[in-house]
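Peer 1: Coordinates in upload.txt, compact mmCIF, C-alpha atoms, are listed below.
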# COMPACT_ATOMS: atom_id res chain seq x y z
CA MET A 827 26.95 12.22 -23.55
CA GLY A 828 25.93 8.64 -24.41
CA GLU A 829 28.14 8.46 -27.48
CA LYS A 830 30.01 5.21 -27.95
CA PRO A 831 33.78 5.36 -28.52
CA LYS A 832 35.02 4.78 -32.05
CA TYR A 833 36.92 1.54 -31.90
CA LEU A 834 39.79 0.92 -34.27
CA TRP A 835 40.63 -2.24 -36.20
CA GLN A 836 43.61 -3.04 -33.98
CA ASP A 837 41.34 -2.87 -30.91
CA ALA A 838 39.21 -5.64 -32.41
CA ALA A 839 42.23 -7.68 -33.52
CA ILE A 840 43.82 -7.55 -30.07
CA ARG A 841 40.60 -8.51 -28.31
CA TRP A 842 39.99 -11.34 -30.77
CA MET A 843 43.45 -12.73 -30.06
CA LYS A 844 42.87 -12.62 -26.31
CA GLU A 845 39.48 -14.31 -26.48
CA MET A 846 40.37 -16.84 -29.17
CA ASN A 847 43.84 -17.83 -27.99
CA HIS A 848 42.53 -21.36 -27.35
CA LYS A 849 41.68 -21.92 -31.02
CA ARG A 850 43.47 -24.76 -32.73
CA THR A 851 43.94 -22.50 -35.77
CA ILE A 852 45.16 -19.49 -33.81
CA LYS A 853 48.51 -19.50 -35.64
CA GLU A 854 46.69 -19.13 -38.93
CA ASP A 855 44.60 -16.30 -37.46
CA LYS A 856 47.80 -14.51 -36.46
CA ARG A 857 49.15 -14.82 -39.99
CA PHE A 858 45.97 -13.42 -41.49
CA LEU A 859 45.81 -10.62 -38.95
CA ARG A 860 49.35 -9.52 -39.81
CA TRP A 861 48.19 -9.01 -43.38
CA PHE A 862 45.08 -7.08 -42.31
CA HIS A 863 47.24 -4.99 -39.98
CA ASP A 864 49.12 -3.56 -42.96
CA HIS A 865 45.88 -2.44 -44.60
CA LEU A 866 43.53 -1.59 -41.72
CA TYR A 867 45.77 -0.16 -39.01
CA ASN A 868 44.14 2.88 -37.36
CA LYS A 869 40.99 2.42 -39.41
CA ARG A 870 37.73 2.72 -37.48
CA LEU A 871 35.57 -0.38 -37.44
CA VAL A 872 32.57 1.65 -38.63
CA ASP A 873 34.57 2.60 -41.72
CA ILE A 874 35.24 -0.99 -42.76
CA ASP A 875 32.38 -1.02 -45.23
CA LYS A 876 31.61 -2.97 -48.39
CA VAL A 877 33.74 -0.68 -50.56
CA CYS A 878 36.72 -1.11 -48.23
CA ILE A 879 36.33 -4.87 -48.11
CA ASN A 880 36.02 -5.25 -51.88
CA ARG A 881 39.18 -3.20 -52.29
CA LEU A 882 41.02 -5.49 -49.85
CA ILE A 883 39.80 -8.55 -51.74
CA GLU A 884 41.17 -7.11 -54.96
CA ILE A 885 44.52 -6.39 -53.27
CA ARG A 886 44.79 -9.95 -51.95
CA GLN A 887 43.91 -11.38 -55.35
CA GLY A 888 46.48 -9.08 -56.95
CA GLU A 889 49.11 -10.66 -54.71
CA GLY A 890 48.43 -13.99 -56.36
CA ALA A 891 46.23 -15.55 -53.67
CA SER A 892 43.75 -18.18 -54.85
CA ASN A 893 40.03 -17.69 -54.32
CA ALA A 894 40.09 -20.34 -51.61
CA THR A 895 42.86 -18.48 -49.76
CA VAL A 896 41.04 -15.14 -50.10
CA ASN A 897 37.87 -16.73 -48.70
CA ARG A 898 39.77 -17.98 -45.65
CA TYR A 899 41.15 -14.51 -44.96
CA PHE A 900 37.80 -12.82 -45.19
CA THR A 901 35.98 -15.51 -43.25
CA LEU A 902 38.16 -14.41 -40.33
CA LEU A 903 37.38 -10.75 -40.98
CA ARG A 904 33.66 -11.55 -41.01
CA ALA A 905 33.94 -13.46 -37.74
CA ILE A 906 35.70 -10.56 -36.01
CA LEU A 907 33.19 -8.00 -37.26
CA ASN A 908 30.28 -10.21 -36.21
CA ARG A 909 31.73 -10.52 -32.73
CA ALA A 910 32.29 -6.76 -32.60
CA LYS A 911 28.60 -6.31 -33.39
CA ASN A 912 26.89 -9.11 -31.50
CA GLU A 913 29.04 -9.54 -28.40
CA TRP A 914 31.16 -6.45 -27.91
CA GLU A 915 28.50 -4.04 -29.24
CA TRP A 916 31.15 -1.89 -30.88
CA ILE A 917 29.37 -1.56 -34.22
CA LYS A 918 25.77 -1.76 -35.36
CA VAL A 919 26.16 -3.20 -38.86
CA VAL A 920 28.40 -5.83 -40.47
CA PRO A 921 28.81 -5.35 -44.24
CA LYS A 922 28.13 -8.31 -46.47
CA ILE A 923 31.35 -10.00 -47.58
CA ARG A 924 31.09 -11.80 -50.90
CA ARG A 925 32.48 -15.30 -51.10
CA LEU A 926 34.56 -15.98 -54.18
CA LYS A 927 33.81 -19.01 -56.30
CA GLU A 928 36.25 -21.83 -55.66
CA PRO A 929 37.20 -24.63 -58.05
CA PRO A 930 35.77 -28.08 -57.32
CA ALA A 931 37.68 -30.27 -54.88
CA ARG A 932 40.68 -32.08 -56.33
CA ASP A 933 40.16 -35.72 -57.24
CA ARG A 934 43.79 -36.51 -58.04
CA ILE A 935 44.74 -39.93 -56.74
CA LEU A 936 47.56 -42.35 -57.48
CA SER A 937 47.05 -45.51 -59.48
CA PRO A 938 48.71 -48.71 -58.19
CA ASP A 939 51.39 -48.31 -60.87
CA GLU A 940 52.05 -44.69 -59.86
CA ILE A 941 52.32 -45.70 -56.20
CA GLU A 942 54.96 -48.29 -57.09
CA ARG A 943 56.92 -45.80 -59.20
CA LEU A 944 56.77 -43.09 -56.55
CA LEU A 945 57.90 -45.33 -53.70
CA ALA A 946 60.84 -46.51 -55.79
CA GLN A 947 62.10 -42.93 -56.11
CA LEU A 948 61.60 -41.63 -52.56
CA PRO A 949 64.45 -41.63 -50.02
CA GLU A 950 63.96 -44.24 -47.31
CA HIS A 951 62.67 -42.00 -44.49
CA THR A 952 60.21 -40.19 -46.77
CA ARG A 953 59.11 -43.49 -48.35
CA ASP A 954 58.24 -44.89 -44.93
CA MET A 955 56.11 -41.83 -44.15
CA CYS A 956 54.44 -42.10 -47.55
CA VAL A 957 53.52 -45.76 -47.02
CA PHE A 958 52.21 -44.95 -43.54
CA ALA A 959 50.06 -42.13 -44.97
CA LEU A 960 48.64 -44.44 -47.65
CA ALA A 961 47.92 -47.07 -45.00
CA THR A 962 46.25 -44.78 -42.45
CA GLY A 963 44.93 -41.72 -44.32
CA LEU A 964 46.56 -39.40 -41.80
CA ARG A 965 47.48 -35.85 -42.77
CA SER A 966 51.13 -34.97 -43.31
CA SER A 967 51.62 -33.24 -39.95
CA ASN A 968 50.01 -36.14 -38.08
CA VAL A 969 52.29 -38.60 -39.85
CA ALA A 970 55.53 -36.66 -39.48
CA ARG A 971 54.98 -35.76 -35.81
CA ILE A 972 53.48 -38.99 -34.51
CA LYS A 973 55.10 -40.19 -31.29
CA TRP A 974 55.56 -43.64 -29.81
CA PRO A 975 53.15 -42.97 -26.89
CA GLN A 976 50.42 -42.64 -29.55
CA ILE A 977 50.99 -46.18 -30.78
CA ASN A 978 50.14 -49.58 -29.35
CA LEU A 979 51.95 -52.13 -31.50
CA LYS A 980 50.44 -55.06 -29.62
CA GLN A 981 46.87 -53.89 -30.20
CA LYS A 982 47.73 -52.60 -33.69
CA ILE A 983 46.23 -49.19 -33.11
CA ALA A 984 47.39 -45.58 -33.08
CA TRP A 985 45.59 -42.37 -32.19
CA VAL A 986 45.75 -38.68 -32.90
CA GLU A 987 45.02 -36.39 -29.98
CA ALA A 988 42.17 -33.89 -30.33
CA LEU A 989 44.61 -30.97 -30.17
CA ASN A 990 46.35 -32.20 -33.33
CA ALA A 991 43.25 -33.29 -35.25
CA LYS A 992 41.74 -30.91 -37.79
CA ALA A 993 38.20 -31.56 -36.57
CA GLY A 994 39.25 -31.07 -32.95
CA LYS A 995 38.30 -34.62 -31.96
CA PRO A 996 40.64 -37.57 -31.24
CA ILE A 997 41.07 -40.08 -34.05
CA GLY A 998 41.56 -43.80 -33.54
CA VAL A 999 43.70 -45.35 -36.27
CA PRO A 1000 43.64 -49.12 -36.87
CA LEU A 1001 47.01 -50.27 -38.18
CA ASN A 1002 46.98 -52.62 -41.17
CA GLY A 1003 49.87 -54.75 -42.35
CA ASP A 1004 51.56 -51.96 -44.32
CA ALA A 1005 51.40 -49.58 -41.36
CA MET A 1006 52.75 -52.22 -38.97
CA TYR A 1007 55.61 -53.05 -41.34
CA VAL A 1008 56.65 -49.39 -41.47
CA LEU A 1009 56.41 -48.94 -37.70
CA GLN A 1010 58.48 -52.01 -36.97
CA ARG A 1011 61.20 -50.56 -39.18
CA GLN A 1012 61.31 -47.45 -36.98
CA VAL A 1013 61.61 -49.21 -33.61
CA GLY A 1014 64.76 -48.15 -31.77
CA LYS A 1015 65.59 -45.15 -33.96
CA HIS A 1016 64.26 -42.49 -31.55
CA ASP A 1017 62.87 -42.54 -28.02
CA THR A 1018 59.98 -40.18 -28.73
CA PHE A 1019 59.29 -39.62 -32.42
CA VAL A 1020 58.45 -42.41 -34.85
CA PHE A 1021 59.74 -40.83 -38.04
CA THR A 1022 63.16 -39.21 -38.03
CA TYR A 1023 65.93 -38.10 -40.36
CA GLN A 1024 69.54 -38.44 -39.29
CA GLY A 1025 68.43 -38.98 -35.71
CA LYS A 1026 66.24 -35.88 -35.52
CA SER A 1027 62.47 -35.47 -35.63
CA VAL A 1028 60.84 -34.04 -38.75
CA LYS A 1029 58.06 -31.46 -38.85
CA TYR A 1030 56.86 -32.18 -42.37
CA PRO A 1031 57.89 -34.50 -45.21
CA SER A 1032 60.72 -32.96 -47.25
CA LYS A 1033 59.24 -30.94 -50.13
CA ASP A 1034 62.45 -31.14 -52.15
CA ALA A 1035 62.68 -34.91 -51.79
CA TRP A 1036 59.00 -35.21 -52.67
CA ASP A 1037 59.15 -32.98 -55.76
CA ASN A 1038 62.31 -34.65 -57.05
CA ALA A 1039 60.83 -38.12 -56.59
CA LEU A 1040 57.66 -37.13 -58.45
CA LYS A 1041 59.74 -35.80 -61.32
CA ARG A 1042 61.85 -38.95 -61.55
CA ALA A 1043 58.72 -41.12 -61.37
CA GLY A 1044 57.04 -39.14 -64.15
CA ILE A 1045 54.08 -38.16 -61.94
CA GLU A 1046 52.51 -34.72 -62.42
CA ASP A 1047 50.04 -32.62 -60.46
CA PHE A 1048 50.22 -34.59 -57.22
CA ARG A 1049 50.54 -33.22 -53.70
CA TRP A 1050 51.30 -34.98 -50.45
CA HIS A 1051 47.74 -34.33 -49.23
CA ASP A 1052 46.47 -36.25 -52.26
CA LEU A 1053 47.76 -39.39 -50.53
CA ARG A 1054 44.82 -38.95 -48.17
CA HIS A 1055 42.43 -38.72 -51.12
CA THR A 1056 44.02 -41.85 -52.56
CA TRP A 1057 43.53 -43.68 -49.26
CA ALA A 1058 39.88 -42.61 -48.95
CA THR A 1059 39.08 -43.40 -52.58
CA ARG A 1060 40.54 -46.90 -52.28
CA HIS A 1061 38.41 -47.49 -49.17
CA ALA A 1062 35.28 -46.26 -50.92
CA VAL A 1063 35.85 -48.34 -54.05
CA GLU A 1064 36.50 -51.46 -51.98
CA GLY A 1065 33.21 -51.02 -50.16
CA THR A 1066 34.08 -49.49 -46.78
CA PRO A 1067 30.76 -48.11 -45.47
CA LEU A 1068 30.67 -44.32 -45.48
CA GLN A 1069 29.97 -44.13 -41.75
CA ALA A 1070 33.09 -46.18 -41.05
CA LEU A 1071 35.16 -44.18 -43.55
CA LYS A 1072 34.04 -40.92 -41.94
CA LYS A 1073 35.21 -42.20 -38.56
CA LEU A 1074 38.49 -43.54 -39.91
CA GLY A 1075 39.27 -40.24 -41.64
CA GLY A 1076 38.33 -38.10 -38.66
CA TRP A 1077 36.01 -35.88 -40.71
CA ALA A 1078 33.72 -33.64 -38.69
CA SER A 1079 30.96 -33.38 -41.29
CA TRP A 1080 29.53 -35.28 -44.23
CA LYS A 1081 30.36 -32.37 -46.52
CA SER A 1082 34.01 -33.44 -46.58
CA MET A 1083 32.87 -36.90 -47.62
CA GLU A 1084 30.80 -35.83 -50.63
CA ARG A 1085 33.51 -36.58 -53.17
CA TYR A 1086 33.60 -40.25 -52.09
CA VAL A 1087 29.85 -40.92 -51.93
CA HIS A 1088 29.53 -41.84 -55.62
CA LEU A 1089 32.35 -44.37 -55.23
CA CYS A 1090 31.04 -46.17 -52.16
CA VAL A 1091 28.39 -48.45 -53.65
CA LYS A 1092 29.28 -51.95 -52.46
CA ASP A 1093 27.62 -51.40 -49.09
CA ILE A 1094 24.33 -50.48 -50.75
CA GLU A 1095 24.26 -52.59 -53.92
CA LYS A 1096 22.32 -55.39 -52.21
CA SER A 1097 19.55 -52.91 -51.38
CA THR A 1098 18.87 -52.39 -55.06
CA GLU A 1099 17.29 -55.83 -55.16
CA ASN A 1100 14.57 -54.63 -52.79
CA VAL A 1101 12.83 -52.91 -55.67
CA GLY A 1102 13.43 -55.63 -58.30
CA ILE A 1103 10.55 -56.94 -60.43
CA ALA A 1104 12.34 -59.74 -62.27
CA LYS A 1105 10.52 -62.41 -60.27
CA GLN A 1106 7.16 -60.96 -61.27
CA ILE A 1107 7.64 -61.12 -65.04
Written as structure tokens, that's how I'd like the structure from this file.

Peer 2:
Amino acid sequence: MGEKPKYLWQDAAIRWMKEMNHKRTIKEDKRFLRWFHDHLYNKRLVDIDKVCINRLIEIRQGEGASNATVNRYFTLLRAILNRAKNEWEWIKVVPKIRRLKEPPARDRILSPDEIERLLAQLPEHTRDMCVFALATGLRSSNVARIKWPQINLKQKIAWVEALNAKAGKPIGVPLNGDAMYVLQRQVGKHDTFVFTYQGKSVKYPSKDAWDNALKRAGIEDFRWHDLRHTWATRHAVEGTPLQALKKLGGWASWKSMERYVHLCVKDIEKSTENVGIAKQI
């Protein structure tokens, strides 16, 4: 009779998983979809309207999720509904999903004194990873899971494969003196993984060891990821050009670099003389 079938939420979720299984963030999608499954199972796509979505947002907030987390959940929902409309032609309209206001990006970095105090309190294997992170700017997972085939000690360079990079592009990592010192300490400990604990590879730096060290060092409100901010800020303050910093950090867009722009002035300070009038007065 020309009437389209009424597709259910789980139909869309299953098809999304099949078509997007190549995504680097597919594990996160699965986690989000499990939550949506509890609230949208057997619900028709055409019935997922603005009222329904606002109710789900309130539920997720009531569970203690931050605005940033809620936005990530509903960005996925929006993407699935858009695909259902534009590619699968299962629905005609996608309701507008409001984006919650998020706090400004964190600017917490360690001072030289705090770095010294923190390193003094960390256990040896975690301290080595911390120094390597401060020397390279790599994210925690890239530090903890780095393997020897990714490192050329002779050329003093390491690399992160595209599959393991947040931006989906390979990252070349020049190794400075601190990074080389840490790597040389790890030689011979494991055939495959660089950083290990009691002979076994580690997935992430130990949260307990990290939290306890911060407490003993008297350092508050500092996360492991803030080591990356510390690394980038130090580069910016010391005059590393933004284009070079963007490449070193493996950022896909300039938006992620905005917090460092106001710090990176040494590469442009000479240009200010181009508009000087001192010689004319």

Peer 1: Looking at all atoms listed in the file, which of A:Pro1067, A:Asp837, A:Val1008, A:Val999 is the one that sits closest to Trp914 in chain A?

Peer 2: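 Smallest distance to Trp914 in chain A is found for A:Asp837.
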
Peer 1: Using only C-alpha atoms, which of A:Tyr1023, A:Pro949, A:Pro1000, A:Ala984 sits nearest Asn1038 in chain A?

Peer 2: A:Pro949

Peer 1: My list of candidates is A:Leu1071, A:Ala991, A:Val1063, A:Ile1045. Which is closest to Ser966 in chain A when distances are computed with only C-alpha atoms?

Peer 2: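 Result for the nearest residue to Ser966 in chain A: A:Ala991.
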
Peer 1: Using all atoms listed in the file, can you tell me which of A:Lys918, A:Arg924, A:Lys973, A:Arg1011 comes closest to Asp954 in chain A?

Peer 2: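 Of A:Lys918, A:Arg924, A:Lys973, A:Arg1011, the one nearest Asp954 in chain A, counting all atoms listed in the file, is A:Arg1011.
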
Peer 1: Can you pull out every residue within 9 Å of Glu940 in chain A, counting all atoms listed in the file, but drop anything in the same chain fewer than 5 positions away, and send it as a list in words?

Peer 2: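 Those residues are Leu945, Ala1043, Gly1044 and Ile1045 of chain A.
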
Peer 1: Just how far from CA of Lys995 in chain A is CA of Arg850 in chain A, in Å to one decimal?

Peer 2: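 According to the coordinates, CA of Arg850 in chain A and CA of Lys995 in chain A are separated by 11.2 Å.
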
Peer 1: Nearest to Arg971 in chain A among A:Ile874, A:Val1020, A:Ile906, A:Leu1040, with distances taken over all atoms listed in the file: which residue is it?

Peer 2: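 Answer, going by the shortest atom-to-atom distance: A:Val1020.
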
Peer 1: I want to know what sits within 8 Å of Arg965 in chain A, based on only C-alpha atoms, with residues of the same chain fewer than 3 positions away left out; could you give that as a PyMOL selection string?

Peer 2: chain A and resi 959+968-969+1051+1054

Peer 1: The selected residues should be written to file as a PDB file, keeping the file's coordinate frame (atoms: C-alpha atoms).

Peer 2:
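Final output, selection-v7.pdb:
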ATOM      1  CA  ALA A 959      50.060 -42.130 -44.970  1.00  0.00           C
ATOM      2  CA  ASN A 968      50.010 -36.140 -38.080  1.00  0.00           C
ATOM      3  CA  VAL A 969      52.290 -38.600 -39.850  1.00  0.00           C
ATOM      4  CA  HIS A1051      47.740 -34.330 -49.230  1.00  0.00           C
ATOM      5  CA  ARG A1054      44.820 -38.950 -48.170  1.00  0.00           C
TER       6      ARG A1054
END

Peer 1: Give me, please, the distance in Å between CA of Lys980 in chain A and CA of Gly1014 in chain A, quoted to one decimal.

Peer 2: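 If I compute the distance from CA of Lys980 in chain A to CA of Gly1014 in chain A, I get 16.0 Å.
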